[in-house]
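Everything on this sheet refers to the single structure shown next.
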Amino acid sequence: MSRTIGTVARGVRAPIFRQGDDVVSITADTVANALAEEGIAPRDKDVVAITESVVARCQGNYATVRQIAADVRAKTGGKTVGITFPILSRNRFSLLLSGIASGAEKIVLLLSLPSDEVGNHLVSMDQLDEAGVDPFRDVLTLEQFRSHFGSVIHPFTGVDYVDYYQRIIQEAGAQAEIVFSNRVQSILPYTDTVICCDIHTRQRSKRLLKAAGAKCVLGLDDLLTSSVDGSGYNPQYGLLGSNKADDGRVKLFPRDTMAVAEALGQALSQRTGKHIEAMIYGDGAFKDPVGKIWELADPVVAPGYTSGLVGTPNELKLKYLADKDFADLSGEALQQAISEKIRQKDASVSLVGNMVSEGTTPRNLTDLIGSLCDLTSGSGDKGTPIVYIQGYFDNYTTD
């Protein structure tokens with residue numbers, strides 16, 4: 001064990017990417033220059049990652065409220081449209097709501113309790129208990145919600161999302177009716193035309209609505225799947241993963257991300273002479289224990305990645321070996337015994353279900369590395385949309 005530093009993730013400062021830029025060549029140049037300036041030696045299996053937002057911006061993958069409205073009107077008929085389980089977000093949903101409402105005469109908005117699916121709370125479970133509201137069975141009108149809870153201000157944003165969403169609908173020219181329930185079928189007494197706005201539970205919501213007799217069931221992933229009046233689009237995710245670009249446009253999730261990742265990996269491998277893996281990353285998948293927010297508002301953590309990032313960790317639990325198999329050893333003898341156990345590990349044999357691997361994180365590598373990238377780069381003014389990771393695939397025996 002001659003190397004004393006394990007995994008290192010570095011945020012790389014980059015130029016401001018603009019629509020039409022070559023994201024692959026600029027990223028490769030930026031990383032190569034950063035490595036040279038800092039005296040960092042590239043190694044095989046290093047990982048370079050670029051945020052999905054930059055890729056989408058370079059692609060010009062934008063859509064206006066008017067273009068969203070046109071697609072909604074064409075696919076729903078534009079009368080009374082139900083919107084179910086949107087997340088509570090000014091950045092992620094406000095313009096989508098404006099676009100959907102602009103394409104309909106009336107919106108019936110179904111909100112979940114006590115929180116949206118990514119953990120933004122309207123109320124707490126304690127408040128529901130105190131009010132005698134059963135979130136698994138009860139359906140509340142707006143008047144009933146207000147009588148129980150009054151005006152509910154989000155502690156971090158200072159926004160009453162119920163009022164905020166109602167105003168967005170009305171300002172778009174549609175009538176607004178708001179209902180609260182955790183059963184997606186609760187929308188059907190109001191309309192049989194529904195847009196499911198949940199992210200990770202959308203397929204179940206669609207299935208339940210269709211089984212209950214809804215005539216038109218769409219998800220956000222069914223809108224803007226192709227260009228509308230010159231808009232951007234995403235054939236796989238539609239409006240999922242989009243966020244606010246300016247007051248009248250959203251930036252969609254990028255397209256062709258596997259090809260972009262492959263091209264980026266090849267470009268940096270050629271520049272460095274090492275085998276470099278590459279990834280396009282979005283939101284990380286982790287939960288804030290204080291704010292209760294589960295970060296993942298994108299449909300996936302990593303929409304694009306090279307083949308070397310496929311799989312799950314296949315690691316031994318060092319503390320289990322130290323406490324059980326080699327409990328009688330210490331010092332140099334313990335270090336050598338554990339190192340030899342790792343060397344004997346067959347990478348082609350999965351350790352799933354073996355006690356020596358229990359407690360290691362059972363998640364896809366793309367989700368783990370993408371979450372690391374999101375935490376490293378942040379979402380503010382750090383100016384590091386590129387992340388360069390070394391040592392992620394090392395272990396205790398790597399020199």
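Ligands are numbered from 1 in the order shown, chains are lettered A, B, ... in the order of the structure tokens, and residues start at 1 in each chain.
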Per residue of region 236-304 of chain A within 10 Å of region 115-131 of chain A, what are the shortest atom pair and its distance in Å to one decimal, counting only C-alpha atoms, with rows by chain and residue number, as CSV?
residue,atom,partner,partner_atom,distance
A:Lys287,CA,A:Gly119,CA,8.4
A:Asp288,CA,A:Gly119,CA,8.9
A:Gly291,CA,A:Asn120,CA,7.9
A:Lys292,CA,A:Gly119,CA,5.4
A:Ile293,CA,A:Gly119,CA,4.2
A:Trp294,CA,A:Val118,CA,4.7
A:Glu295,CA,A:Val118,CA,6.6
A:Leu296,CA,A:Val118,CA,6.8
A:Ala297,CA,A:Val118,CA,6.7
**Prompt:** Leaving out Ile50 (chain A) and any residue of its chain fewer than 4 positions from it, which residues lie within 7 Å of it when counting only C-alpha atoms, given as a PyMOL selection string?
**Reply:** chain A and resi 279-281+385-387
Residues within 12 Å of Lys382 (chain A), please, as a list of chain:residue names. Count only C-alpha atoms; anything in the same chain fewer than 3 positions from it doesn't count. A:Arg10, A:Gly11, A:Val12, A:Arg13, A:Ala14, A:Pro15, A:Ile16, A:Asp374, A:Leu375, A:Thr376, A:Ser377, A:Gly378, A:Ser379, A:Pro385, A:Ile386, A:Val387
Export of the given selection (all heavy atoms) as a compact mmCIF listing (two decimals), in the first residue's frame:
# COMPACT_ATOMS: atom_id res chain seq x y z
N ARG A 10 -12.36 16.29 -8.51
CA ARG A 10 -11.98 17.69 -8.69
C ARG A 10 -13.00 18.39 -9.58
O ARG A 10 -13.28 17.94 -10.69
CB ARG A 10 -10.61 17.81 -9.33
CG ARG A 10 -9.45 17.25 -8.50
CD ARG A 10 -8.15 17.39 -9.27
NE ARG A 10 -6.98 17.02 -8.48
CZ ARG A 10 -6.44 15.80 -8.46
NH1 ARG A 10 -6.98 14.83 -9.20
NH2 ARG A 10 -5.37 15.55 -7.73
N GLY A 11 -13.52 19.50 -9.12
CA GLY A 11 -14.32 20.34 -9.98
C GLY A 11 -13.40 21.13 -10.91
O GLY A 11 -12.42 21.73 -10.45
N VAL A 12 -13.71 21.13 -12.20
CA VAL A 12 -12.88 21.80 -13.18
C VAL A 12 -13.61 23.05 -13.67
O VAL A 12 -14.72 22.96 -14.21
CB VAL A 12 -12.56 20.87 -14.37
CG1 VAL A 12 -11.68 21.60 -15.39
CG2 VAL A 12 -11.87 19.60 -13.87
N ARG A 13 -12.97 24.21 -13.49
CA ARG A 13 -13.58 25.45 -13.97
C ARG A 13 -13.55 25.48 -15.50
O ARG A 13 -12.54 25.15 -16.12
CB ARG A 13 -12.83 26.65 -13.40
CG ARG A 13 -13.06 26.82 -11.91
CD ARG A 13 -12.36 28.05 -11.38
NE ARG A 13 -12.62 28.21 -9.95
CZ ARG A 13 -12.05 29.13 -9.19
NH1 ARG A 13 -11.19 29.98 -9.74
NH2 ARG A 13 -12.33 29.21 -7.91
N ALA A 14 -14.68 25.90 -16.05
CA ALA A 14 -14.83 25.83 -17.50
C ALA A 14 -15.29 27.17 -18.05
O ALA A 14 -15.84 28.01 -17.32
CB ALA A 14 -15.87 24.75 -17.86
N PRO A 15 -15.09 27.39 -19.34
CA PRO A 15 -15.70 28.56 -19.96
C PRO A 15 -17.21 28.46 -19.91
O PRO A 15 -17.77 27.38 -19.67
CB PRO A 15 -15.18 28.53 -21.40
CG PRO A 15 -14.52 27.22 -21.59
CD PRO A 15 -14.35 26.56 -20.27
N ILE A 16 -17.90 29.57 -20.13
CA ILE A 16 -19.35 29.54 -20.19
C ILE A 16 -19.77 28.97 -21.54
O ILE A 16 -19.49 29.55 -22.59
CB ILE A 16 -19.94 30.95 -20.01
CG1 ILE A 16 -19.44 31.57 -18.70
CG2 ILE A 16 -21.46 30.90 -20.04
CD1 ILE A 16 -19.81 30.79 -17.46
N ASP A 374 -22.44 15.51 -8.75
CA ASP A 374 -23.40 16.56 -8.42
C ASP A 374 -23.00 17.26 -7.12
O ASP A 374 -23.08 18.48 -7.00
CB ASP A 374 -24.79 15.95 -8.30
CG ASP A 374 -25.88 17.01 -8.15
OD1 ASP A 374 -25.72 18.10 -8.71
OD2 ASP A 374 -26.89 16.73 -7.49
N LEU A 375 -22.55 16.49 -6.13
CA LEU A 375 -22.11 17.08 -4.87
C LEU A 375 -20.84 17.90 -5.06
O LEU A 375 -20.64 18.92 -4.40
CB LEU A 375 -21.87 15.97 -3.84
CG LEU A 375 -23.12 15.33 -3.25
CD1 LEU A 375 -22.76 14.06 -2.50
CD2 LEU A 375 -23.86 16.29 -2.34
N THR A 376 -19.97 17.46 -5.95
CA THR A 376 -18.71 18.16 -6.17
C THR A 376 -18.92 19.48 -6.90
O THR A 376 -18.36 20.51 -6.54
CB THR A 376 -17.74 17.27 -6.97
OG1 THR A 376 -17.50 16.06 -6.26
CG2 THR A 376 -16.42 17.99 -7.23
N SER A 377 -19.77 19.44 -7.94
CA SER A 377 -19.94 20.64 -8.76
C SER A 377 -20.91 21.64 -8.15
O SER A 377 -20.78 22.85 -8.35
CB SER A 377 -20.42 20.26 -10.17
OG SER A 377 -21.70 19.67 -10.12
N GLY A 378 -21.88 21.16 -7.40
CA GLY A 378 -22.90 22.04 -6.86
C GLY A 378 -23.79 22.60 -7.95
O GLY A 378 -23.66 22.25 -9.12
N SER A 379 -24.72 23.48 -7.57
CA SER A 379 -25.65 24.03 -8.56
C SER A 379 -25.63 25.55 -8.58
O SER A 379 -26.51 26.17 -9.17
CB SER A 379 -27.08 23.54 -8.25
OG SER A 379 -27.46 23.94 -6.95
N PRO A 385 -18.75 22.91 -13.97
CA PRO A 385 -19.70 21.91 -14.48
C PRO A 385 -19.02 20.62 -14.92
O PRO A 385 -19.70 19.63 -15.22
CB PRO A 385 -20.32 22.63 -15.69
CG PRO A 385 -19.22 23.51 -16.19
CD PRO A 385 -18.52 24.00 -14.94
N ILE A 386 -17.69 20.63 -14.96
CA ILE A 386 -16.91 19.44 -15.30
C ILE A 386 -16.30 18.90 -14.02
O ILE A 386 -15.80 19.65 -13.19
CB ILE A 386 -15.80 19.78 -16.31
CG1 ILE A 386 -16.38 20.42 -17.57
CG2 ILE A 386 -15.00 18.53 -16.67
CD1 ILE A 386 -15.33 21.05 -18.47
N VAL A 387 -16.34 17.59 -13.86
CA VAL A 387 -15.72 16.94 -12.71
C VAL A 387 -14.75 15.88 -13.21
O VAL A 387 -15.08 15.11 -14.14
CB VAL A 387 -16.79 16.30 -11.79
CG1 VAL A 387 -16.12 15.57 -10.63
CG2 VAL A 387 -17.75 17.36 -11.27
Leu97 (chain A) environment, 9 Å, only C-alpha atoms, sequence neighbours closer than 4 positions dropped, as a list in words:
Val65, Ile83, Pro86, Phe93, Ala101, Ser102, Tyr165, Ile168, Ile169 and Ala172 of chain A
Writer output for current selection, N, CA, C and O atoms, as an mmCIF file, in the first residue's frame:
data_model
loop_
_atom_site.group_PDB
_atom_site.id
_atom_site.type_symbol
_atom_site.label_atom_id
_atom_site.label_comp_id
_atom_site.auth_asym_id
_atom_site.auth_seq_id
_atom_site.Cartn_x
_atom_site.Cartn_y
_atom_site.Cartn_z
ATOM 1 N N VAL A 65 -42.977 28.395 -23.432
ATOM 2 C CA VAL A 65 -44.301 28.123 -22.869
ATOM 3 C C VAL A 65 -45.313 27.933 -23.997
ATOM 4 O O VAL A 65 -46.166 27.033 -23.943
ATOM 5 N N ILE A 83 -53.846 17.533 -13.811
ATOM 6 C CA ILE A 83 -52.396 17.470 -13.592
ATOM 7 C C ILE A 83 -52.177 16.788 -12.252
ATOM 8 O O ILE A 83 -52.649 17.275 -11.226
ATOM 9 N N PRO A 86 -47.388 16.886 -9.368
ATOM 10 C CA PRO A 86 -46.194 17.636 -9.753
ATOM 11 C C PRO A 86 -45.300 17.875 -8.541
ATOM 12 O O PRO A 86 -45.772 17.895 -7.400
ATOM 13 N N PHE A 93 -40.921 23.234 -12.225
ATOM 14 C CA PHE A 93 -42.292 22.980 -12.694
ATOM 15 C C PHE A 93 -43.095 24.219 -13.043
ATOM 16 O O PHE A 93 -44.097 24.119 -13.756
ATOM 17 N N ALA A 101 -51.210 24.858 -18.673
ATOM 18 C CA ALA A 101 -52.424 25.635 -18.454
ATOM 19 C C ALA A 101 -52.760 26.504 -19.663
ATOM 20 O O ALA A 101 -53.942 26.731 -19.966
ATOM 21 N N SER A 102 -51.755 26.975 -20.369
ATOM 22 C CA SER A 102 -51.999 27.789 -21.571
ATOM 23 C C SER A 102 -52.608 26.972 -22.698
ATOM 24 O O SER A 102 -53.195 27.539 -23.627
ATOM 25 N N TYR A 165 -49.095 27.970 -7.449
ATOM 26 C CA TYR A 165 -49.527 27.191 -8.609
ATOM 27 C C TYR A 165 -50.916 27.623 -9.095
ATOM 28 O O TYR A 165 -51.199 27.636 -10.297
ATOM 29 N N ILE A 168 -50.415 30.718 -11.186
ATOM 30 C CA ILE A 168 -49.825 30.408 -12.491
ATOM 31 C C ILE A 168 -50.891 29.929 -13.463
ATOM 32 O O ILE A 168 -50.942 30.357 -14.631
ATOM 33 N N ILE A 169 -51.760 29.051 -13.001
ATOM 34 C CA ILE A 169 -52.830 28.527 -13.856
ATOM 35 C C ILE A 169 -53.757 29.655 -14.298
ATOM 36 O O ILE A 169 -54.091 29.779 -15.490
ATOM 37 N N ALA A 172 -52.309 32.045 -16.798
ATOM 38 C CA ALA A 172 -52.197 31.449 -18.126
ATOM 39 C C ALA A 172 -53.534 31.454 -18.865
ATOM 40 O O ALA A 172 -53.593 31.056 -20.035
#
message = What does the structure give for the distance between CA of Gly150 (chain A) and CA of Asp198 (chain A), in Å to one decimal?
response =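 Atom-to-atom, CA of Gly150 (chain A) to CA of Asp198 (chain A), that is 25.2 Å.
Going from CA of Thr257 (chain A) over to CA of Leu95 (chain A), you cover 24.3 Å.
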So which residues of region 139-353 of chain A fall under strand (DSSP E) by DSSP, listed as a compact mmCIF listing (two decimals) with C-alpha atoms, in the first residue's frame?
# COMPACT_ATOMS: atom_id res chain seq x y z
CA LEU A 140 -59.37 17.22 0.34
CA THR A 141 -60.68 20.18 -1.59
CA GLN A 175 -59.70 27.99 -14.59
CA ALA A 176 -58.06 26.33 -11.60
CA GLU A 177 -59.35 23.70 -9.19
CA ILE A 178 -57.03 22.13 -6.62
CA VAL A 179 -57.48 18.75 -4.91
CA PHE A 180 -55.27 16.91 -2.41
CA THR A 193 -57.89 13.63 -19.48
CA VAL A 194 -54.78 13.55 -17.31
CA ILE A 195 -51.12 14.51 -17.48
CA CYS A 196 -49.13 12.57 -14.87
CA CYS A 216 -56.39 10.27 -22.29
CA VAL A 217 -53.36 9.60 -20.08
CA LEU A 218 -50.04 11.29 -20.69
CA GLY A 219 -46.89 11.89 -18.71
CA ASN A 243 -35.76 23.27 -15.82
CA LYS A 244 -36.24 27.00 -16.15
CA ARG A 249 -38.35 29.02 -21.78
CA VAL A 250 -37.32 25.72 -20.29
CA LYS A 251 -34.17 23.81 -21.08
CA ILE A 276 -10.66 7.65 -19.72
CA GLU A 277 -14.30 6.93 -18.90
CA ALA A 278 -16.88 9.67 -19.42
CA MET A 279 -20.32 10.54 -18.08
CA ILE A 280 -23.14 13.05 -18.51
CA TYR A 281 -24.64 13.64 -15.06
CA GLY A 304 -25.10 9.15 -20.75
CA TYR A 305 -21.95 7.18 -19.91
From the list A:Glu262, A:Asp138, A:Asp46, A:Glu37, the nearest residue to Thr306 (chain A) using only C-alpha atoms is A:Glu262
Between A:Pro313, A:Gly370, A:Pro254, A:Gly391, single out the one closest to Val54 (chain A), counting only C-alpha atoms.
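The shortest atom-to-atom distance to Val54 (chain A) comes from A:Pro254.
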